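The file protein02.pdb contains PDB, C-alpha atoms and all ligand atoms:
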MODEL        1
ATOM      1  CA  MET A 345       4.576   5.646 -62.879
ATOM      2  CA  ASN A 346       6.822   2.650 -63.454
ATOM      3  CA  ILE A 347       6.047  -0.868 -62.283
ATOM      4  CA  SER A 348       8.330  -0.798 -59.227
ATOM      5  CA  ASN A 349       6.696   2.429 -57.955
ATOM      6  CA  LYS A 350       3.267   0.850 -58.451
ATOM      7  CA  ILE A 351       4.336  -2.196 -56.421
ATOM      8  CA  LYS A 352       5.779   0.051 -53.706
ATOM      9  CA  ASN A 353       2.523   2.044 -53.484
ATOM     10  CA  LEU A 354       0.503  -1.149 -53.302
ATOM     11  CA  LEU A 355       2.734  -2.524 -50.504
ATOM     12  CA  ASP A 356       2.453   0.807 -48.635
ATOM     13  CA  THR A 357      -1.347   0.651 -48.892
ATOM     14  CA  ILE A 358      -1.406  -2.939 -47.601
ATOM     15  CA  LYS A 359       0.931  -1.960 -44.737
ATOM     16  CA  ASP A 360      -1.312   1.021 -43.844
ATOM     17  CA  ILE A 361      -4.386  -1.246 -43.705
ATOM     18  CA  PHE A 362      -2.832  -3.963 -41.565
ATOM     19  CA  PHE A 363      -0.323  -1.907 -39.559
ATOM     20  CA  PRO A 364      -1.724   1.630 -39.282
ATOM     21  CA  LEU A 365       0.542   4.203 -37.628
ATOM     22  CA  LYS A 366      -0.499   5.257 -34.163
ATOM     23  CA  CYS A 367       0.223   8.426 -32.212
ATOM     24  CA  GLU A 368       3.077   7.725 -29.779
ATOM     25  CA  CYS A 369       1.226   9.428 -26.965
ATOM     26  CA  CYS A 370      -2.548   8.789 -27.227
ATOM     27  CA  HIS A 371      -2.411   5.824 -29.706
ATOM     28  CA  GLY A 372      -4.916   7.455 -32.083
ATOM     29  CA  PHE A 373      -4.291   6.951 -35.819
ATOM     30  CA  VAL A 374      -1.764   9.239 -37.528
ATOM     31  CA  GLU A 375      -0.360   9.576 -41.040
ATOM     32  CA  SER A 376       3.337   9.615 -40.172
ATOM     33  CA  VAL A 377       5.534   8.365 -37.321
ATOM     34  CA  GLY A 378       5.245  10.613 -34.280
ATOM     35  CA  LEU A 379       2.480  12.509 -32.591
ATOM     36  CA  CYS A 380      -1.061  13.566 -33.509
ATOM     37  CA  ALA A 381      -1.835  17.305 -33.589
ATOM     38  CA  GLN A 382      -3.413  17.306 -30.110
ATOM     39  CA  CYS A 383      -0.481  15.515 -28.478
ATOM     40  CA  TRP A 384       1.990  17.716 -30.343
ATOM     41  CA  ASN A 385       0.351  20.665 -28.565
ATOM     42  CA  LYS A 386       0.538  18.883 -25.214
ATOM     43  CA  ILE A 387       4.312  18.328 -25.423
ATOM     44  CA  MET A 388       6.140  20.853 -23.227
ATOM     45  CA  TRP A 389       8.956  21.968 -25.513
ATOM     46  CA  ILE A 390      11.840  23.596 -23.654
ATOM     47  CA  SER A 391      12.347  27.211 -24.635
ATOM     48  CA  ASP A 392      13.747  30.482 -23.271
ATOM     49  CA  PRO A 393      13.979  31.854 -20.646
ATOM     50  CA  LYS A 394      16.041  29.047 -19.110
ATOM     51  CA  CYS A 395      19.251  28.390 -17.192
ATOM     52  CA  SER A 396      22.152  28.852 -19.625
ATOM     53  CA  ILE A 397      23.903  25.813 -18.128
ATOM     54  CA  CYS A 398      21.303  23.120 -17.368
ATOM     55  CA  SER A 399      18.352  24.534 -19.409
ATOM     56  CA  ASN A 400      15.885  24.380 -16.527
ATOM     57  CA  PRO A 401      13.159  26.814 -17.667
ATOM     58  CA  PHE A 402      12.497  30.045 -15.735
ATOM     59  CA  GLU A 403       9.094  31.665 -15.430
ATOM     60  CA  LEU A 404      10.658  35.095 -15.915
ATOM     61  CA  ASP A 405      13.841  36.169 -17.650
ATOM     62  CA  ILE A 406      15.533  37.308 -14.456
ATOM     63  CA  ALA A 407      18.662  35.193 -14.128
ATOM     64  CA  GLU A 408      21.434  33.741 -16.238
ATOM     65  CA  ILE A 409      21.804  30.471 -14.320
ATOM     66  CA  CYS A 410      19.609  28.527 -11.885
ATOM     67  CA  GLY A 411      20.174  28.038  -8.142
ATOM     68  CA  ILE A 412      21.497  24.498  -8.508
ATOM     69  CA  CYS A 413      24.094  25.470 -11.121
ATOM     70  CA  ALA A 414      25.038  28.558  -9.076
ATOM     71  CA  LEU A 415      25.558  26.392  -5.991
ATOM     72  CA  LYS A 416      27.781  23.906  -7.753
ATOM     73  CA  ARG A 417      28.922  24.388 -11.335
ATOM     74  CA  PRO A 418      28.598  21.181 -13.320
ATOM     75  CA  PHE A 419      31.590  19.787 -15.228
ATOM     76  CA  PHE A 420      29.715  20.069 -18.534
ATOM     77  CA  ASP A 421      29.569  23.496 -20.171
ATOM     78  CA  ARG A 422      25.890  23.326 -21.011
ATOM     79  CA  ALA A 423      23.066  20.827 -21.331
ATOM     80  CA  VAL A 424      20.209  21.274 -23.794
ATOM     81  CA  SER A 425      17.022  19.212 -24.061
ATOM     82  CA  VAL A 426      14.082  19.022 -26.433
ATOM     83  CA  PHE A 427      11.098  18.666 -24.096
ATOM     84  CA  HIS A 428       9.976  18.083 -20.522
ATOM     85  CA  TYR A 429      10.009  14.527 -19.231
ATOM     86  CA  ASP A 430       6.384  14.221 -18.138
ATOM     87  CA  ASP A 431       3.318  11.982 -18.468
ATOM     88  CA  CYS A 432       2.949  12.966 -22.110
ATOM     89  CA  SER A 433       6.525  12.215 -23.250
ATOM     90  CA  LYS A 434       7.354   9.401 -20.825
ATOM     91  CA  GLY A 435       5.546   6.586 -22.684
ATOM     92  CA  MET A 436       7.297   7.066 -26.024
ATOM     93  CA  ILE A 437      10.714   7.399 -24.365
ATOM     94  CA  LEU A 438      10.246   4.215 -22.346
ATOM     95  CA  ARG A 439       9.073   2.334 -25.461
ATOM     96  CA  PHE A 440      12.158   3.554 -27.325
ATOM     97  CA  LYS A 441      14.409   2.550 -24.440
ATOM     98  CA  HIS A 442      13.004  -0.804 -23.362
ATOM     99  CA  MET A 443      10.586  -2.089 -25.993
ATOM    100  CA  ASP A 444      12.478  -2.071 -29.282
ATOM    101  CA  SER A 445      10.602   0.965 -30.676
ATOM    102  CA  THR A 446      13.792   2.009 -32.459
ATOM    103  CA  TYR A 447      11.810   3.357 -35.428
ATOM    104  CA  LEU A 448      11.387   6.471 -33.251
ATOM    105  CA  CYS A 449      15.117   7.178 -33.399
ATOM    106  CA  PRO A 450      15.243   9.326 -36.592
ATOM    107  CA  GLN A 451      12.442  11.613 -35.347
ATOM    108  CA  PHE A 452      13.979  11.967 -31.878
ATOM    109  CA  ALA A 453      17.451  12.603 -33.328
ATOM    110  CA  CYS A 454      16.040  15.251 -35.668
ATOM    111  CA  TRP A 455      14.540  17.166 -32.743
ATOM    112  CA  MET A 456      17.750  16.831 -30.727
ATOM    113  CA  TYR A 457      19.836  17.986 -33.673
ATOM    114  CA  ARG A 458      17.764  21.157 -33.958
ATOM    115  CA  VAL A 459      18.307  22.170 -30.327
ATOM    116  CA  VAL A 460      22.042  21.424 -30.385
ATOM    117  CA  GLU A 461      22.828  22.464 -33.968
ATOM    118  CA  LYS A 462      24.812  25.569 -32.937
ATOM    119  CA  TYR A 463      27.198  23.444 -30.851
ATOM    120  CA  ILE A 464      27.330  20.509 -33.264
ATOM    121  CA  LYS A 465      28.721  22.852 -35.919
ATOM    122  CA  GLU A 466      31.826  23.483 -33.819
ATOM    123  CA  ALA A 467      32.072  19.984 -32.281
ATOM    124  CA  ASP A 468      34.888  17.518 -32.986
ATOM    125  CA  LEU A 469      33.214  14.379 -31.655
ATOM    126  CA  ILE A 470      29.797  13.013 -30.750
ATOM    127  CA  ILE A 471      29.879  10.543 -27.864
ATOM    128  CA  PRO A 472      26.932   8.606 -26.364
ATOM    129  CA  VAL A 473      26.543   7.920 -22.646
ATOM    130  CA  PRO A 474      27.508   4.236 -22.491
ATOM    131  CA  ILE A 475      25.764   1.437 -20.616
ATOM    132  CA  HIS A 476      27.496  -1.499 -18.928
ATOM    133  CA  PHE A 477      28.044  -4.441 -21.286
ATOM    134  CA  ARG A 478      25.887  -6.712 -19.072
ATOM    135  CA  LYS A 479      23.005  -4.287 -19.454
ATOM    136  CA  LEU A 480      23.695  -4.116 -23.181
ATOM    137  CA  LEU A 481      23.431  -7.911 -23.409
ATOM    138  CA  LYS A 482      20.059  -7.760 -21.677
ATOM    139  CA  ARG A 483      18.677  -4.798 -23.606
ATOM    140  CA  LYS A 484      20.265  -5.583 -26.994
ATOM    141  CA  TYR A 485      20.951  -1.922 -27.786
ATOM    142  CA  ASN A 486      21.916   1.329 -26.108
ATOM    143  CA  GLN A 487      19.313   3.974 -26.967
ATOM    144  CA  SER A 488      21.861   6.787 -26.479
ATOM    145  CA  GLU A 489      24.171   5.183 -29.044
ATOM    146  CA  LEU A 490      21.376   5.047 -31.616
ATOM    147  CA  LEU A 491      20.552   8.723 -31.034
ATOM    148  CA  ALA A 492      24.221   9.825 -31.072
ATOM    149  CA  ARG A 493      24.919   7.981 -34.341
ATOM    150  CA  GLU A 494      21.925   9.569 -36.027
ATOM    151  CA  ILE A 495      22.788  13.076 -34.748
ATOM    152  CA  ALA A 496      26.404  12.637 -35.934
ATOM    153  CA  LEU A 497      25.121  11.709 -39.393
ATOM    154  CA  LEU A 498      22.847  14.754 -39.510
ATOM    155  CA  GLY A 499      25.685  17.065 -38.473
ATOM    156  CA  GLY A 500      28.489  15.380 -40.427
ATOM    157  CA  VAL A 501      30.560  15.048 -37.221
ATOM    158  CA  SER A 502      32.674  12.062 -36.108
ATOM    159  CA  TYR A 503      30.825   9.567 -33.956
ATOM    160  CA  GLU A 504      32.909   7.681 -31.397
ATOM    161  CA  PRO A 505      31.072   5.219 -29.135
ATOM    162  CA  ARG A 506      34.229   3.483 -27.857
ATOM    163  CA  ILE A 507      35.954   6.347 -26.006
ATOM    164  CA  LEU A 508      33.738   6.480 -22.948
ATOM    165  CA  GLN A 509      33.051   3.236 -21.116
ATOM    166  CA  LYS A 510      30.802   2.212 -18.255
ATOM    167  CA  SER A 511      33.420   0.464 -16.182
ATOM    168  CA  LYS A 512      31.400  -0.147 -13.051
ATOM    169  CA  ARG A 513      27.872  -1.490 -12.902
ATOM    170  CA  THR A 514      25.634   0.776 -10.821
ATOM    171  CA  PRO A 515      22.148   0.173  -9.413
ATOM    172  CA  GLN A 516      19.246   1.655 -11.382
ATOM    173  CA  GLN A 517      19.143   5.443 -10.953
ATOM    174  CA  GLU A 518      15.342   5.466 -11.193
ATOM    175  CA  GLY A 519      13.648   6.107  -7.862
ATOM    176  CA  LEU A 520      16.820   7.297  -6.108
ATOM    177  CA  THR A 521      17.190  10.688  -4.403
ATOM    178  CA  ARG A 522      19.282  13.409  -6.010
ATOM    179  CA  LYS A 523      22.116  12.877  -3.508
ATOM    180  CA  ARG A 524      22.060   9.090  -3.919
ATOM    181  CA  ARG A 525      22.154   9.433  -7.720
ATOM    182  CA  LEU A 526      25.222  11.663  -7.514
ATOM    183  CA  LEU A 527      27.063   9.234  -5.231
ATOM    184  CA  ASN A 528      25.909   6.259  -7.276
ATOM    185  CA  VAL A 529      27.656   7.262 -10.509
ATOM    186  CA  ILE A 530      30.973   8.559  -9.155
ATOM    187  CA  GLY A 531      33.810   6.463 -10.583
ATOM    188  CA  SER A 532      31.511   4.382 -12.804
ATOM    189  CA  PHE A 533      32.785   5.735 -16.162
ATOM    190  CA  ASP A 534      36.222   5.630 -17.685
ATOM    191  CA  VAL A 535      38.009   6.484 -20.924
ATOM    192  CA  ALA A 536      39.397   3.590 -22.979
ATOM    193  CA  LYS A 537      43.215   3.835 -22.963
ATOM    194  CA  ASP A 538      43.560   3.445 -26.741
ATOM    195  CA  TYR A 539      41.309   6.450 -27.323
ATOM    196  CA  VAL A 540      42.634   8.946 -24.761
ATOM    197  CA  HIS A 541      44.636  10.804 -27.440
ATOM    198  CA  LEU A 542      41.393  11.617 -29.301
ATOM    199  CA  LEU A 543      40.121  13.815 -26.462
ATOM    200  CA  SER A 544      42.889  16.386 -26.096
ATOM    201  CA  HIS A 545      41.490  19.940 -26.601
ATOM    202  CA  LYS A 546      38.393  18.539 -28.279
ATOM    203  CA  LYS A 547      34.867  19.902 -28.259
ATOM    204  CA  ILE A 548      32.521  17.061 -27.403
ATOM    205  CA  VAL A 549      28.762  16.647 -27.729
ATOM    206  CA  LEU A 550      27.592  14.042 -25.221
ATOM    207  CA  VAL A 551      24.264  12.340 -25.981
ATOM    208  CA  ASP A 552      21.771  10.762 -23.572
ATOM    209  CA  ASP A 553      18.019  10.159 -23.602
ATOM    210  CA  VAL A 554      16.841  11.759 -20.338
ATOM    211  CA  TYR A 555      18.376  14.374 -18.030
ATOM    212  CA  THR A 556      17.030  13.646 -14.563
ATOM    213  CA  THR A 557      19.365  15.224 -12.006
ATOM    214  CA  GLY A 558      22.269  15.512 -14.437
ATOM    215  CA  ALA A 559      24.366  13.172 -12.248
ATOM    216  CA  THR A 560      25.206  10.728 -15.062
ATOM    217  CA  VAL A 561      26.132  13.287 -17.728
ATOM    218  CA  ASN A 562      28.052  15.314 -15.153
ATOM    219  CA  GLU A 563      30.178  12.323 -14.199
ATOM    220  CA  CYS A 564      30.799  11.560 -17.891
ATOM    221  CA  ALA A 565      31.805  15.213 -18.449
ATOM    222  CA  ARG A 566      34.158  15.086 -15.453
ATOM    223  CA  VAL A 567      35.923  12.015 -16.876
ATOM    224  CA  LEU A 568      36.100  13.457 -20.410
ATOM    225  CA  LYS A 569      37.578  16.726 -19.125
ATOM    226  CA  LYS A 570      40.016  14.904 -16.876
ATOM    227  CA  HIS A 571      41.354  13.280 -20.042
ATOM    228  CA  GLY A 572      41.741  16.543 -21.928
ATOM    229  CA  ALA A 573      38.362  17.436 -23.463
ATOM    230  CA  GLU A 574      37.987  21.212 -23.725
ATOM    231  CA  VAL A 575      34.226  21.630 -24.024
ATOM    232  CA  VAL A 576      31.414  19.205 -23.206
ATOM    233  CA  THR A 577      27.923  20.055 -24.436
ATOM    234  CA  VAL A 578      25.211  17.642 -23.355
ATOM    235  CA  VAL A 579      22.095  17.002 -25.417
ATOM    236  CA  THR A 580      19.188  14.918 -24.151
ATOM    237  CA  LEU A 581      15.788  14.245 -25.617
ATOM    238  CA  ALA A 582      13.905  15.006 -22.408
ATOM    239  CA  LYS A 583      14.566  16.749 -19.122
ATOM    240  CA  VAL A 584      12.998  16.410 -15.695
ATOM    241  CA  VAL A 585      12.130  20.035 -15.057
ATOM    242  CA  LEU A 586      12.364  21.463 -11.566
ATOM    243  CA  TYR A 587       9.676  23.890 -10.531
ATOM    244  CA  TRP A 588      10.820  26.609  -8.172
ATOM    245  CA  LYS A 589       8.667  27.661  -5.252
ATOM    246  CA  HIS A 590       8.077  31.424  -5.006
TER     247      HIS A 590
HETATM  248 ZN    ZN B 601      -2.003  11.753 -29.840
HETATM  249 ZN    ZN B 602      20.950  25.306 -14.088
ENDMDL
END

Kindly present the structure from the file in structure tokens form.
Amino acid sequence: MNISNKIKNLLDTIKDIFFPLKCECCHGFVESVGLCAQCWNKIMWISDPKCSICSNPFELDIAEICGICALKRPFFDRAVSVFHYDDCSKGMILRFKHMDSTYLCPQFACWMYRVVEKYIKEADLIIPVPIHFRKLLKRKYNQSELLAREIALLGGVSYEPRILQKSKRTPQQEGLTRKRRLLNVIGSFDVAKDYVHLLSHKKIVLVDDVYTTGATVNECARVLKKHGAEVVTVVTLAKVVLYWKH
């Protein structure tokens, strides 16, 4: 072992003593960034059977698409997510979004890449859901941009954060009804004029952190398609899952 490796090991040991890694869910000690074994088992990963458009899980494999997608087809072609947005996953997502826990980005992006890999392989562009520049000033970074950049690197696909813009500031979506959310986002996104030519007949992967009602990503997909995009695949880290009454 050379001297620089010895120094690195020593620094790692000091870091582990003074800044031990904690599980993102229960805050117990862990050896690497992420979750402890117990919390890993508590995460509700999204798997089949599920709606082939919005990925809402089904209890039984009896339908191709869910009632909501059947009632009104979204503008996006499909939306895939890694896990349920619930009490277990909520904390780490909120820390990533609002509390500068950007060290979580590579792990999150890795998971997202795995669920969207099939579509990334045929994609032309990766685009993040933008936030209004005033919000960006307040928050310092857009979590969807960080995820999209990392996913683009993993897939070797072009990353273009300037095409889609949040042109109109909208009230917080959190706490609003499904209908209000849909109305809230209409007309709030636009495509930058200088980049319109990049969208024609392109297959896009649109990246966001959480899929709640799908209103935001649907409006983004509508705008992208209006300007020529051929396919829009949405990937989010988490999804608010709807439970059907039987
Ligand atoms: Zn844990
Ligand atoms: Zn659906």

Just say which residues the PyMOL selection byres (((chain A and resi 504) around 12) and not hetatm) picks in this file, as a PyMOL selection string. chain A and resi 468-474+489-490+492-493+495-497+501-503+505-509+535-536+539-540+542-543+548-551

Just write the chosen residues, C-alpha atoms, as a PDB file, keeping the file's coordinate frame.
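Okay, this is what ended up in part_9.pdb:
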ATOM      1  CA  ASP A 468      34.888  17.518 -32.986  1.00  0.00           C
ATOM      2  CA  LEU A 469      33.214  14.379 -31.655  1.00  0.00           C
ATOM      3  CA  ILE A 470      29.797  13.013 -30.750  1.00  0.00           C
ATOM      4  CA  ILE A 471      29.879  10.543 -27.864  1.00  0.00           C
ATOM      5  CA  PRO A 472      26.932   8.606 -26.364  1.00  0.00           C
ATOM      6  CA  VAL A 473      26.543   7.920 -22.646  1.00  0.00           C
ATOM      7  CA  PRO A 474      27.508   4.236 -22.491  1.00  0.00           C
ATOM      8  CA  GLU A 489      24.171   5.183 -29.044  1.00  0.00           C
ATOM      9  CA  LEU A 490      21.376   5.047 -31.616  1.00  0.00           C
ATOM     10  CA  ALA A 492      24.221   9.825 -31.072  1.00  0.00           C
ATOM     11  CA  ARG A 493      24.919   7.981 -34.341  1.00  0.00           C
ATOM     12  CA  ILE A 495      22.788  13.076 -34.748  1.00  0.00           C
ATOM     13  CA  ALA A 496      26.404  12.637 -35.934  1.00  0.00           C
ATOM     14  CA  LEU A 497      25.121  11.709 -39.393  1.00  0.00           C
ATOM     15  CA  VAL A 501      30.560  15.048 -37.221  1.00  0.00           C
ATOM     16  CA  SER A 502      32.674  12.062 -36.108  1.00  0.00           C
ATOM     17  CA  TYR A 503      30.825   9.567 -33.956  1.00  0.00           C
ATOM     18  CA  PRO A 505      31.072   5.219 -29.135  1.00  0.00           C
ATOM     19  CA  ARG A 506      34.229   3.483 -27.857  1.00  0.00           C
ATOM     20  CA  ILE A 507      35.954   6.347 -26.006  1.00  0.00           C
ATOM     21  CA  LEU A 508      33.738   6.480 -22.948  1.00  0.00           C
ATOM     22  CA  GLN A 509      33.051   3.236 -21.116  1.00  0.00           C
ATOM     23  CA  VAL A 535      38.009   6.484 -20.924  1.00  0.00           C
ATOM     24  CA  ALA A 536      39.397   3.590 -22.979  1.00  0.00           C
ATOM     25  CA  TYR A 539      41.309   6.450 -27.323  1.00  0.00           C
ATOM     26  CA  VAL A 540      42.634   8.946 -24.761  1.00  0.00           C
ATOM     27  CA  LEU A 542      41.393  11.617 -29.301  1.00  0.00           C
ATOM     28  CA  LEU A 543      40.121  13.815 -26.462  1.00  0.00           C
ATOM     29  CA  ILE A 548      32.521  17.061 -27.403  1.00  0.00           C
ATOM     30  CA  VAL A 549      28.762  16.647 -27.729  1.00  0.00           C
ATOM     31  CA  LEU A 550      27.592  14.042 -25.221  1.00  0.00           C
ATOM     32  CA  VAL A 551      24.264  12.340 -25.981  1.00  0.00           C
TER      33      VAL A 551
END

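Coordinates place atom CA of Ala565 of chain A at a distance of 11.3 Å from atom CA of Lys547 of chain A.
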
Output check: residues returned by the PyMOL selection byres (((chain A and resi 531) around 10) and not hetatm), as an mmCIF file with C-alpha atoms, in the frame of the given file:
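Saved the output as expr-v2.cif:
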data_model
loop_
_atom_site.group_PDB
_atom_site.id
_atom_site.type_symbol
_atom_site.label_atom_id
_atom_site.label_comp_id
_atom_site.auth_asym_id
_atom_site.auth_seq_id
_atom_site.Cartn_x
_atom_site.Cartn_y
_atom_site.Cartn_z
ATOM 1 C CA LYS A 510 30.802 2.212 -18.255
ATOM 2 C CA SER A 511 33.420 0.464 -16.182
ATOM 3 C CA LYS A 512 31.400 -0.147 -13.051
ATOM 4 C CA THR A 514 25.634 0.776 -10.821
ATOM 5 C CA LEU A 527 27.063 9.234 -5.231
ATOM 6 C CA ASN A 528 25.909 6.259 -7.276
ATOM 7 C CA VAL A 529 27.656 7.262 -10.509
ATOM 8 C CA ILE A 530 30.973 8.559 -9.155
ATOM 9 C CA SER A 532 31.511 4.382 -12.804
ATOM 10 C CA PHE A 533 32.785 5.735 -16.162
ATOM 11 C CA ASP A 534 36.222 5.630 -17.685
ATOM 12 C CA GLU A 563 30.178 12.323 -14.199
ATOM 13 C CA CYS A 564 30.799 11.560 -17.891
ATOM 14 C CA ARG A 566 34.158 15.086 -15.453
ATOM 15 C CA VAL A 567 35.923 12.015 -16.876
#

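One distance worth recording is that between atom ZN of ligand ZN 601 (chain B) and atom CA of Ser433 of chain A, which is 10.8 Å.
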
Please extract the residues at most 10 Å from ligand ZN 601 (chain B), counting all atoms listed in the file, and provide them as a JSON list (two decimals) with C-alpha atoms, keeping the file's coordinate frame, using the chain letters and residue numbers of this document.
[["chain", "number", "residue", "atom", "x", "y", "z"],
["A", 366, "LYS", "CA", -0.50, 5.26, -34.16],
["A", 367, "CYS", "CA", 0.22, 8.43, -32.21],
["A", 368, "GLU", "CA", 3.08, 7.72, -29.78],
["A", 369, "CYS", "CA", 1.23, 9.43, -26.96],
["A", 370, "CYS", "CA", -2.55, 8.79, -27.23],
["A", 371, "HIS", "CA", -2.41, 5.82, -29.71],
["A", 372, "GLY", "CA", -4.92, 7.46, -32.08],
["A", 373, "PHE", "CA", -4.29, 6.95, -35.82],
["A", 374, "VAL", "CA", -1.76, 9.24, -37.53],
["A", 378, "GLY", "CA", 5.24, 10.61, -34.28],
["A", 379, "LEU", "CA", 2.48, 12.51, -32.59],
["A", 380, "CYS", "CA", -1.06, 13.57, -33.51],
["A", 381, "ALA", "CA", -1.84, 17.30, -33.59],
["A", 382, "GLN", "CA", -3.41, 17.31, -30.11],
["A", 383, "CYS", "CA", -0.48, 15.52, -28.48],
["A", 384, "TRP", "CA", 1.99, 17.72, -30.34],
["A", 385, "ASN", "CA", 0.35, 20.66, -28.56],
["A", 386, "LYS", "CA", 0.54, 18.88, -25.21],
["A", 432, "CYS", "CA", 2.95, 12.97, -22.11]]

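Matched in the shown structure by the PyMOL selection byres (((not hetatm)) within 7 of (chain B and resi 602)): Cys395, Ser396, Ile397, Cys398, Ser399, Asn400, Ile409, Cys410, Gly411, Ile412 and Cys413 of chain A.
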
Which residues are near Ser445 of chain A? Cut-off 12 Å, all atoms listed in the file, ignore same chain within fewer than 3 positions. Put them as a VMD selection string. chain A and resid 368 377 to 378 435 to 442 448 to 452 485 487 490

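Atom to atom, atom CA of Val584 of chain A and atom CA of Thr560 of chain A stand 13.5 Å apart.
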
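Distances to Lys546 of chain A were evaluated for A:Leu404, A:Val576, A:Ala423, A:Leu481 using all atoms listed in the file, and the minimum falls at A:Val576.
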
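Considering the residues A:Ile347, A:Pro401, A:Thr446, A:Ser391 and counting all atoms listed in the file, Asn486 of chain A has its shortest atom-to-atom contact with A:Thr446.
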
Taking 4 positions as the minimum chain separation for residues in the same chain, which residues sit within 9 Å of segment 454-456 of chain A when counting all atoms listed in the file? Answer as an MDAnalysis selection string. chainID A and resid 424:426 449:450 460:461 491 494:495 498 579:581

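Residues within 9 Å of Asp405 of chain A, counting all atoms listed in the file and excluding same-chain residues fewer than 4 positions away, are A:Asp392, A:Pro393, A:Lys394.
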
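For the set A:Lys583, A:His571, A:His476, A:Lys434, the residue with the smallest atom-to-atom gap to Gln516 of chain A is A:His476, counting only C-alpha atoms.
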
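Of the listed residues A:Pro418, A:Gly499, A:Gly572, A:Gly558, the one whose atoms come nearest to Leu526 of chain A is A:Gly558, with distances taken using all atoms listed in the file.
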
Of A:Leu568, A:Ala559, A:Val554, A:Asp430, the one sitting nearest Arg525 of chain A when using all atoms listed in the file is A:Ala559
